[in-house]
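For reference, the structure is listed below as structure tokens.
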Amino acid sequence: DDEAIHYFTTILPRMKRRAAAAATSCSGSGGGNNKGNSDYANFECYEFTQYAGETVFIPHGWWHAVLNVTHTVGITQNYCSRRNFDEVWIQTRAGRKKMSCSWLRRLEERHPDLARRARELNRRDGFVMWEDDPVEQGKWRKKKAEKERKKKERRERKKKKERREEEEEEKKKTVSSSRQRSKKEKWGEHRTAERRKEGTMEDGDDVVMREVSPDY
């Protein structure tokens with residue numbers, strides 16, 4: 001159940017089966033309350049295809065999922081109105097702490113009444129905004145510093161790895177060049193020895209070296 005597609009291939013069909021079983025059980029027991037399947041007592045599922053140019057409004061709190069059947073470009077926006085402001089604000093201030101501070105400042109500029117309502121909710125619940133909480137700010141700075149430290153360590157490890165690879169490559173080139181020179185020297189010594197055996201060369205004669213292929 002850890003992949004997005006599993007919602008459509010596994011989770012949704014499983015929910016439908018359980019809802020159907022709950023409905024059958026309730027009807028078979030004369031409409032009594034089946035506590036074992038109470039989570040599916042009022043289960044409803046709406047499935048449809050949205051075409052180009054169409055807009056879909058998902059009510060607040062409704063679970064929903066989208067499966068793109070072709071290459072798709074979609075635009076989504078979260079909607080907050082005066083009607084659901086209290087619930088949205090309570091969720092946002094806890095889940096998006098830094099963003100909620102920016103949102104509150106913008107509300108004070110454009111919708112002062114909603115800004116006052118947000119502060120009333122904060123006082124009612126004893127909630128402290130991120131900007132006013134040195135403890136939360138300290139946690140955030142510590143987390144950010146730890147993230148930067150790990151990023152720096154990754155960069156250093158990458159540089160060290162690149163240097164090692166460069167050194168190994170240079171070493172291979174040096175060894176290859178040394179082997180080529182060794183082959184040339186051995187070939188020259190071999191020809192000199194042959195010429196001495198044939199009597200065509202005396203001590204003190206110059207040896208003429210020629211470049212040859214290393215695979216000679």
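Order determines the names: the first chain of the structure tokens is A, the second B, and so forth; residues in each chain are numbered 1 upward, and ligands are numbered 1 upward as they are shown.
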
Next on the checklist: Show me, as a ChimeraX atom specification, the residues that have an atom within 12 Å of region 114-125 of chain A when counting only C-alpha atoms, minus same-chain residues fewer than 6 positions from it.
Outcome noted: /A:80-94,100-108,132

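Our summary of the geometry notes that CA of Thr24 (chain A) is positioned 28.4 Å from CA of Pro59 (chain A).
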
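Our summary of the geometry notes that CA of Ile11 (chain A) is positioned 14.6 Å from CA of Glu47 (chain A).
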
Checklist entry - How many Å separate CA of Gly126 (chain A) from CA of Arg141 (chain A)? => result 23.5 Å
